[in-house]
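> First the structure, which I've put down as structure tokens, then a few questions once you've had a look.
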Amino acid sequence: NAGVTQTPKFQVLKTGQSMTLQCAQDMNHNSMYWYRQDPGMGLRLIYYSASEGTTDKGEVPNGYNVSRLNKREFSLRLESAAPSQTSVYFCASSEWGVSRNQPQHFGDGTRLSIL
Amino acid sequence: AQTVTQSQPEMSVQEAETVTLSCTYDTSESDYYLFWYKQPPSRQMILVIRQEAYKQQNATENRFSVNFQKAAKSFSLKISDSQLGDAAMYFCAYRSYSGGGADGLTFGKGTHLIIQP
């Protein structure tokens, strides 16, 4: 019962470095999502992918890029990390369409610190 | 754009008592979905309960129930017989009906629930 798997769980970067956060789901879900969670804030949507081959911006996309590699995998890339991107990043997946009230299933998060 | 407001940053309740967490939202849509997620210190996001806006009946899941007031745009969570394991951050979330729900959740800022033994 792996569900949604995120790697790494922790990472420290220096300003200007690049990094890719990996996410994979084994539930055969169509949709995948990247959120960030900052202290005192709820989760905010960065990017999402409604289906394989499509991606769309969420609420806070600046400074990030994503790739939907296949149905299972959805990666988030920071090209030039900035201290403002210090956060906990969550990947999620869900089914949609036929039964739209399907909840999102979340990974365990990646704590990213940028010095 | 939709917004979700949780007006109680922190709530405290005695073990075995009942507590209600508040959530209001703003939307121009008539069909949508609402969720409560629990986030314990382990950082996992755990679904507690969900509600479809077109259903008038309030959702229940064991000790957890909601009071959904569509006209007031209110979606409160009631936890009965509180247990120590209920201590966590609780997030209210909104999901649009349009687009099949593929376009993500909008979260409130969360309520930190403390259970006093």
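The way I read the labels, and the way they are meant: chains A, B, ... in the order of the structure tokens, residue 1 as the first residue of every chain, and ligand 1 as the first ligand shown, with later ones counted on from there.
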Taking 6 positions as the minimum chain separation for residues in the same chain, which residues sit within 8 Å of Thr27 (chain B) when counting only C-alpha atoms? Answer as a ChimeraX atom specification.

/B:1-3

> From the DSSP assignment of the backbone, select every residue of chain A that is strand (DSSP E or B), and format the answer as a PyMOL selection string.

chain A and resi 4-7+10-13+19-25+31-37+43-49+56-57+64-68+73-78+87-94+105-106+110-114

> Would you mind reading off the distance between CA of Lys14 (chain A) and CA of Asn62 (chain A), one decimal, in Å?

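Computing the Euclidean distance for CA of Lys14 (chain A) and CA of Asn62 (chain A) yields 18.4 Å.
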
> Under the rule of at most 9 Å, produce a per-residue listing of chain A near chain B: chain, number, name, the closest pair of atoms, and the distance in Å, as a Markdown table, using only C-alpha atoms.


```
| residue | atom | partner | partner_atom | distance |
| --- | --- | --- | --- | --- |
| A:Asn30 | CA | B:Ala102 | CA | 8.6 |
| A:Ser31 | CA | B:Ala102 | CA | 6.2 |
| A:Met32 | CA | B:Ala102 | CA | 8.4 |
| A:Tyr33 | CA | B:Gly104 | CA | 6.9 |
| A:Gly40 | CA | B:Lys109 | CA | 6.3 |
| A:Met41 | CA | B:Lys109 | CA | 4.6 |
| A:Gly42 | CA | B:Lys109 | CA | 4.1 |
| A:Leu43 | CA | B:Phe107 | CA | 5.9 |
| A:Arg44 | CA | B:Phe107 | CA | 7.0 |
| A:Leu45 | CA | B:Gly104 | CA | 6.9 |
| A:Tyr47 | CA | B:Gly104 | CA | 8.7 |
| A:Tyr48 | CA | B:Asp103 | CA | 6.6 |
| A:Ser49 | CA | B:Ala102 | CA | 7.8 |
| A:Ala50 | CA | B:Ala102 | CA | 5.3 |
| A:Ser51 | CA | B:Ala102 | CA | 8.6 |
| A:Asp56 | CA | B:Asp103 | CA | 8.3 |
| A:Gly58 | CA | B:Asp103 | CA | 7.9 |
| A:Ser94 | CA | B:Ala102 | CA | 8.0 |
| A:Glu95 | CA | B:Ala102 | CA | 8.0 |
| A:Trp96 | CA | B:Gly100 | CA | 5.8 |
| A:Gly97 | CA | B:Gly100 | CA | 4.8 |
| A:Val98 | CA | B:Gly100 | CA | 8.1 |
| A:Ser99 | CA | B:Gly100 | CA | 8.5 |
| A:Arg100 | CA | B:Gly101 | CA | 5.8 |
| A:Asn101 | CA | B:Tyr33 | CA | 6.4 |
| A:Gln102 | CA | B:Gly101 | CA | 8.7 |
| A:Pro103 | CA | B:Leu47 | CA | 7.4 |
| A:Gln104 | CA | B:Leu47 | CA | 8.2 |
| A:His105 | CA | B:Met45 | CA | 7.8 |
| A:Phe106 | CA | B:Met45 | CA | 6.0 |
| A:Gly107 | CA | B:Gln44 | CA | 7.2 |
| A:Asp108 | CA | B:Gln44 | CA | 5.3 |
| A:Gly109 | CA | B:Arg43 | CA | 7.2 |
```

> So what do you get for CA of Asn62 (chain B) versus CA of Tyr35 (chain A), distance-wise?

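Atom-to-atom, CA of Asn62 (chain B) and CA of Tyr35 (chain A) are spaced 29.1 Å apart.
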
> Just to confirm, what's the straight-line distance from CA of Glu61 (chain B) to CA of Asp26 (chain B) in Å (one decimal)?

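Answer for the CA of Glu61 (chain B) to CA of Asp26 (chain B) separation: 25.0 Å.
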
> So which residues touch Thr60 (chain B) within 10 Å, counting only C-alpha atoms, skipping near sequence neighbours fewer than 3 positions away, as a PDB file with all heavy atoms, in the first residue's frame?


```pdb
ATOM      1  N   VAL B  48     -10.636  13.202   6.686  1.00  0.00           N
ATOM      2  CA  VAL B  48     -11.538  12.932   7.799  1.00  0.00           C
ATOM      3  C   VAL B  48     -12.954  12.702   7.308  1.00  0.00           C
ATOM      4  O   VAL B  48     -13.612  11.719   7.665  1.00  0.00           O
ATOM      5  CB  VAL B  48     -11.519  14.107   8.809  1.00  0.00           C
ATOM      6  CG1 VAL B  48     -12.543  13.879   9.920  1.00  0.00           C
ATOM      7  CG2 VAL B  48     -10.127  14.297   9.393  1.00  0.00           C
ATOM      8  N   ILE B  49     -13.439  13.623   6.458  1.00  0.00           N
ATOM      9  CA  ILE B  49     -14.833  13.553   6.036  1.00  0.00           C
ATOM     10  C   ILE B  49     -15.003  14.401   4.789  1.00  0.00           C
ATOM     11  O   ILE B  49     -14.237  15.341   4.556  1.00  0.00           O
ATOM     12  CB  ILE B  49     -15.755  14.025   7.192  1.00  0.00           C
ATOM     13  CG1 ILE B  49     -17.187  13.542   7.006  1.00  0.00           C
ATOM     14  CG2 ILE B  49     -15.655  15.519   7.394  1.00  0.00           C
ATOM     15  CD1 ILE B  49     -18.019  13.666   8.281  1.00  0.00           C
ATOM     16  N   ARG B  50     -15.997  14.079   3.985  1.00  0.00           N
ATOM     17  CA  ARG B  50     -16.266  14.833   2.758  1.00  0.00           C
ATOM     18  C   ARG B  50     -17.768  15.065   2.615  1.00  0.00           C
ATOM     19  O   ARG B  50     -18.576  14.304   3.135  1.00  0.00           O
ATOM     20  CB  ARG B  50     -15.729  14.084   1.541  1.00  0.00           C
ATOM     21  CG  ARG B  50     -16.447  12.789   1.268  1.00  0.00           C
ATOM     22  CD  ARG B  50     -15.820  12.030   0.117  1.00  0.00           C
ATOM     23  NE  ARG B  50     -15.183  10.803   0.563  1.00  0.00           N
ATOM     24  CZ  ARG B  50     -14.739   9.855  -0.252  1.00  0.00           C
ATOM     25  NH1 ARG B  50     -14.839  10.013  -1.556  1.00  0.00           N
ATOM     26  NH2 ARG B  50     -14.176   8.776   0.213  1.00  0.00           N
ATOM     27  N   GLN B  51     -18.111  16.112   1.876  1.00  0.00           N
ATOM     28  CA  GLN B  51     -19.521  16.504   1.697  1.00  0.00           C
ATOM     29  C   GLN B  51     -19.720  17.005   0.276  1.00  0.00           C
ATOM     30  O   GLN B  51     -18.944  17.850  -0.199  1.00  0.00           O
ATOM     31  CB  GLN B  51     -19.886  17.617   2.693  1.00  0.00           C
ATOM     32  CG  GLN B  51     -21.263  18.202   2.525  1.00  0.00           C
ATOM     33  CD  GLN B  51     -22.354  17.355   3.176  1.00  0.00           C
ATOM     34  OE1 GLN B  51     -22.171  16.825   4.265  1.00  0.00           O
ATOM     35  NE2 GLN B  51     -23.475  17.253   2.511  1.00  0.00           N
ATOM     36  N   GLN B  57     -28.151  16.185   3.233  1.00  0.00           N
ATOM     37  CA  GLN B  57     -27.849  15.438   4.442  1.00  0.00           C
ATOM     38  C   GLN B  57     -26.400  15.654   4.848  1.00  0.00           C
ATOM     39  O   GLN B  57     -25.484  15.552   4.014  1.00  0.00           O
ATOM     40  CB  GLN B  57     -28.101  13.954   4.212  1.00  0.00           C
ATOM     41  CG  GLN B  57     -27.953  13.106   5.455  1.00  0.00           C
ATOM     42  CD  GLN B  57     -28.373  11.657   5.226  1.00  0.00           C
ATOM     43  OE1 GLN B  57     -28.645  11.262   4.093  1.00  0.00           O
ATOM     44  NE2 GLN B  57     -28.441  10.884   6.278  1.00  0.00           N
ATOM     45  N   ARG B  63     -17.166   9.189  14.873  1.00  0.00           N
ATOM     46  CA  ARG B  63     -17.258  10.296  15.820  1.00  0.00           C
ATOM     47  C   ARG B  63     -17.220  11.672  15.149  1.00  0.00           C
ATOM     48  O   ARG B  63     -17.341  12.697  15.824  1.00  0.00           O
ATOM     49  CB  ARG B  63     -16.107  10.200  16.825  1.00  0.00           C
ATOM     50  CG  ARG B  63     -16.119   8.955  17.674  1.00  0.00           C
ATOM     51  CD  ARG B  63     -14.977   8.971  18.702  1.00  0.00           C
ATOM     52  NE  ARG B  63     -13.668   8.919  18.070  1.00  0.00           N
ATOM     53  CZ  ARG B  63     -12.826   9.946  18.002  1.00  0.00           C
ATOM     54  NH1 ARG B  63     -13.161  11.130  18.529  1.00  0.00           N
ATOM     55  NH2 ARG B  63     -11.648   9.812  17.425  1.00  0.00           N
ATOM     56  N   PHE B  64     -17.039  11.706  13.856  1.00  0.00           N
ATOM     57  CA  PHE B  64     -16.910  12.960  13.122  1.00  0.00           C
ATOM     58  C   PHE B  64     -18.174  13.237  12.316  1.00  0.00           C
ATOM     59  O   PHE B  64     -18.674  12.342  11.621  1.00  0.00           O
ATOM     60  CB  PHE B  64     -15.706  12.890  12.175  1.00  0.00           C
ATOM     61  CG  PHE B  64     -14.386  12.689  12.877  1.00  0.00           C
ATOM     62  CD1 PHE B  64     -13.927  11.420  13.175  1.00  0.00           C
ATOM     63  CD2 PHE B  64     -13.612  13.774  13.242  1.00  0.00           C
ATOM     64  CE1 PHE B  64     -12.711  11.232  13.820  1.00  0.00           C
ATOM     65  CE2 PHE B  64     -12.398  13.600  13.881  1.00  0.00           C
ATOM     66  CZ  PHE B  64     -11.950  12.320  14.180  1.00  0.00           C
ATOM     67  N   SER B  65     -18.658  14.435  12.418  1.00  0.00           N
ATOM     68  CA  SER B  65     -19.822  14.829  11.623  1.00  0.00           C
ATOM     69  C   SER B  65     -19.660  16.284  11.218  1.00  0.00           C
ATOM     70  O   SER B  65     -18.858  17.023  11.790  1.00  0.00           O
ATOM     71  CB  SER B  65     -21.116  14.627  12.418  1.00  0.00           C
ATOM     72  OG  SER B  65     -21.118  15.435  13.577  1.00  0.00           O
ATOM     73  N   VAL B  66     -20.416  16.657  10.196  1.00  0.00           N
ATOM     74  CA  VAL B  66     -20.353  18.048   9.746  1.00  0.00           C
ATOM     75  C   VAL B  66     -21.727  18.685   9.867  1.00  0.00           C
ATOM     76  O   VAL B  66     -22.756  18.011   9.875  1.00  0.00           O
ATOM     77  CB  VAL B  66     -19.853  18.165   8.297  1.00  0.00           C
ATOM     78  CG1 VAL B  66     -18.428  17.628   8.187  1.00  0.00           C
ATOM     79  CG2 VAL B  66     -20.787  17.470   7.318  1.00  0.00           C
ATOM     80  N   ASN B  67     -21.706  20.006   9.960  1.00  0.00           N
ATOM     81  CA  ASN B  67     -22.921  20.811   9.861  1.00  0.00           C
ATOM     82  C   ASN B  67     -22.737  21.678   8.634  1.00  0.00           C
ATOM     83  O   ASN B  67     -22.006  22.671   8.650  1.00  0.00           O
ATOM     84  CB  ASN B  67     -23.105  21.663  11.112  1.00  0.00           C
ATOM     85  CG  ASN B  67     -24.403  22.451  11.061  1.00  0.00           C
ATOM     86  OD1 ASN B  67     -25.209  22.305  10.133  1.00  0.00           O
ATOM     87  ND2 ASN B  67     -24.627  23.295  12.044  1.00  0.00           N
ATOM     88  N   LEU B  77     -16.999  21.206  11.493  1.00  0.00           N
ATOM     89  CA  LEU B  77     -16.680  19.814  11.836  1.00  0.00           C
ATOM     90  C   LEU B  77     -16.897  19.609  13.325  1.00  0.00           C
ATOM     91  O   LEU B  77     -16.338  20.344  14.139  1.00  0.00           O
ATOM     92  CB  LEU B  77     -15.227  19.493  11.484  1.00  0.00           C
ATOM     93  CG  LEU B  77     -14.724  18.108  11.925  1.00  0.00           C
ATOM     94  CD1 LEU B  77     -15.390  16.999  11.106  1.00  0.00           C
ATOM     95  CD2 LEU B  77     -13.194  18.032  11.780  1.00  0.00           C
ATOM     96  N   LYS B  78     -17.695  18.619  13.675  1.00  0.00           N
ATOM     97  CA  LYS B  78     -17.925  18.272  15.071  1.00  0.00           C
ATOM     98  C   LYS B  78     -17.235  16.955  15.381  1.00  0.00           C
ATOM     99  O   LYS B  78     -17.438  15.962  14.672  1.00  0.00           O
ATOM    100  CB  LYS B  78     -19.415  18.160  15.387  1.00  0.00           C
ATOM    101  CG  LYS B  78     -19.680  17.937  16.876  1.00  0.00           C
ATOM    102  CD  LYS B  78     -21.165  18.024  17.228  1.00  0.00           C
ATOM    103  CE  LYS B  78     -21.883  16.735  16.957  1.00  0.00           C
ATOM    104  NZ  LYS B  78     -23.267  16.761  17.492  1.00  0.00           N
TER     105      LYS B  78
END
```

> Write out as a ChimeraX atom specification each polymer residue whose atoms come within 9 Å of Gly85 (chain B), counting only C-alpha atoms; drop sequence neighbours fewer than 3 positions from it.

/B:40,82,88,115

> I need the residue nearest Leu78 (chain A) from this list: A:Gly3, A:Pro8, A:Gly63, A:Gly53. Use only C-alpha atoms for the distance.

A:Gly63

> When you look at Ala2 (chain A) with a cut-off of 9 Å (counting only C-alpha atoms), what residues show up, excluding the ones that are within fewer than 4 positions of it in the same chain? I need them as a ChimeraX atom specification.

/A:25-27

> List the spatial neighbours of Ala81 (chain A) as a ChimeraX atom specification - criterion: any atom at most 8 Å away, only C-alpha atoms, same-chain residues fewer than 2 positions off excluded.

/A:13-19,63,78-79,83,85,114

> Keeping only N, CA, C and O atoms, write the selected residues to a file as an mmCIF file, in the first residue's frame.


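Written output follows (result_11.cif):
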```cif
data_model
loop_
_atom_site.group_PDB
_atom_site.id
_atom_site.type_symbol
_atom_site.label_atom_id
_atom_site.label_comp_id
_atom_site.auth_asym_id
_atom_site.auth_seq_id
_atom_site.Cartn_x
_atom_site.Cartn_y
_atom_site.Cartn_z
ATOM 1 N N LEU A 13 19.265 23.209 0.378
ATOM 2 C CA LEU A 13 19.896 23.754 -0.825
ATOM 3 C C LEU A 13 20.492 25.114 -0.517
ATOM 4 O O LEU A 13 20.064 25.798 0.424
ATOM 5 N N LYS A 14 21.416 25.519 -1.364
ATOM 6 C CA LYS A 14 21.903 26.891 -1.320
ATOM 7 C C LYS A 14 21.155 27.707 -2.354
ATOM 8 O O LYS A 14 20.696 27.185 -3.392
ATOM 9 N N THR A 15 21.033 28.986 -2.090
ATOM 10 C CA THR A 15 20.376 29.876 -3.050
ATOM 11 C C THR A 15 21.018 29.731 -4.425
ATOM 12 O O THR A 15 22.250 29.732 -4.550
ATOM 13 N N GLY A 16 20.170 29.598 -5.446
ATOM 14 C CA GLY A 16 20.666 29.483 -6.809
ATOM 15 C C GLY A 16 20.820 28.054 -7.307
ATOM 16 O O GLY A 16 20.921 27.832 -8.519
ATOM 17 N N GLN A 17 20.843 27.081 -6.400
ATOM 18 C CA GLN A 17 20.945 25.690 -6.821
ATOM 19 C C GLN A 17 19.619 25.227 -7.410
ATOM 20 O O GLN A 17 18.563 25.798 -7.151
ATOM 21 N N SER A 18 19.697 24.168 -8.177
ATOM 22 C CA SER A 18 18.490 23.588 -8.765
ATOM 23 C C SER A 18 18.217 22.232 -8.137
ATOM 24 O O SER A 18 19.128 21.590 -7.591
ATOM 25 N N MET A 19 16.966 21.818 -8.232
ATOM 26 C CA MET A 19 16.588 20.544 -7.640
ATOM 27 C C MET A 19 15.258 20.084 -8.217
ATOM 28 O O MET A 19 14.409 20.916 -8.559
ATOM 29 N N GLY A 63 8.529 30.370 -10.219
ATOM 30 C CA GLY A 63 9.770 29.790 -9.731
ATOM 31 C C GLY A 63 9.815 28.277 -9.817
ATOM 32 O O GLY A 63 10.813 27.669 -9.423
ATOM 33 N N LEU A 78 12.795 23.091 -9.182
ATOM 34 C CA LEU A 78 13.204 24.444 -8.841
ATOM 35 C C LEU A 78 14.474 24.725 -9.639
ATOM 36 O O LEU A 78 15.501 24.092 -9.402
ATOM 37 N N GLU A 79 14.431 25.627 -10.575
ATOM 38 C CA GLU A 79 15.582 25.890 -11.445
ATOM 39 C C GLU A 79 16.665 26.698 -10.730
ATOM 40 O O GLU A 79 17.839 26.446 -10.878
ATOM 41 N N PRO A 83 15.366 31.614 -1.087
ATOM 42 C CA PRO A 83 14.937 31.402 0.303
ATOM 43 C C PRO A 83 13.422 31.403 0.475
ATOM 44 O O PRO A 83 12.894 30.710 1.347
ATOM 45 N N GLN A 85 11.361 29.963 -1.215
ATOM 46 C CA GLN A 85 10.841 28.650 -1.566
ATOM 47 C C GLN A 85 11.076 27.612 -0.457
ATOM 48 O O GLN A 85 10.727 26.444 -0.625
ATOM 49 N N ILE A 114 16.148 26.368 2.044
ATOM 50 C CA ILE A 114 17.055 27.038 1.105
ATOM 51 C C ILE A 114 17.789 28.143 1.849
ATOM 52 O O ILE A 114 17.164 29.074 2.372
#
```
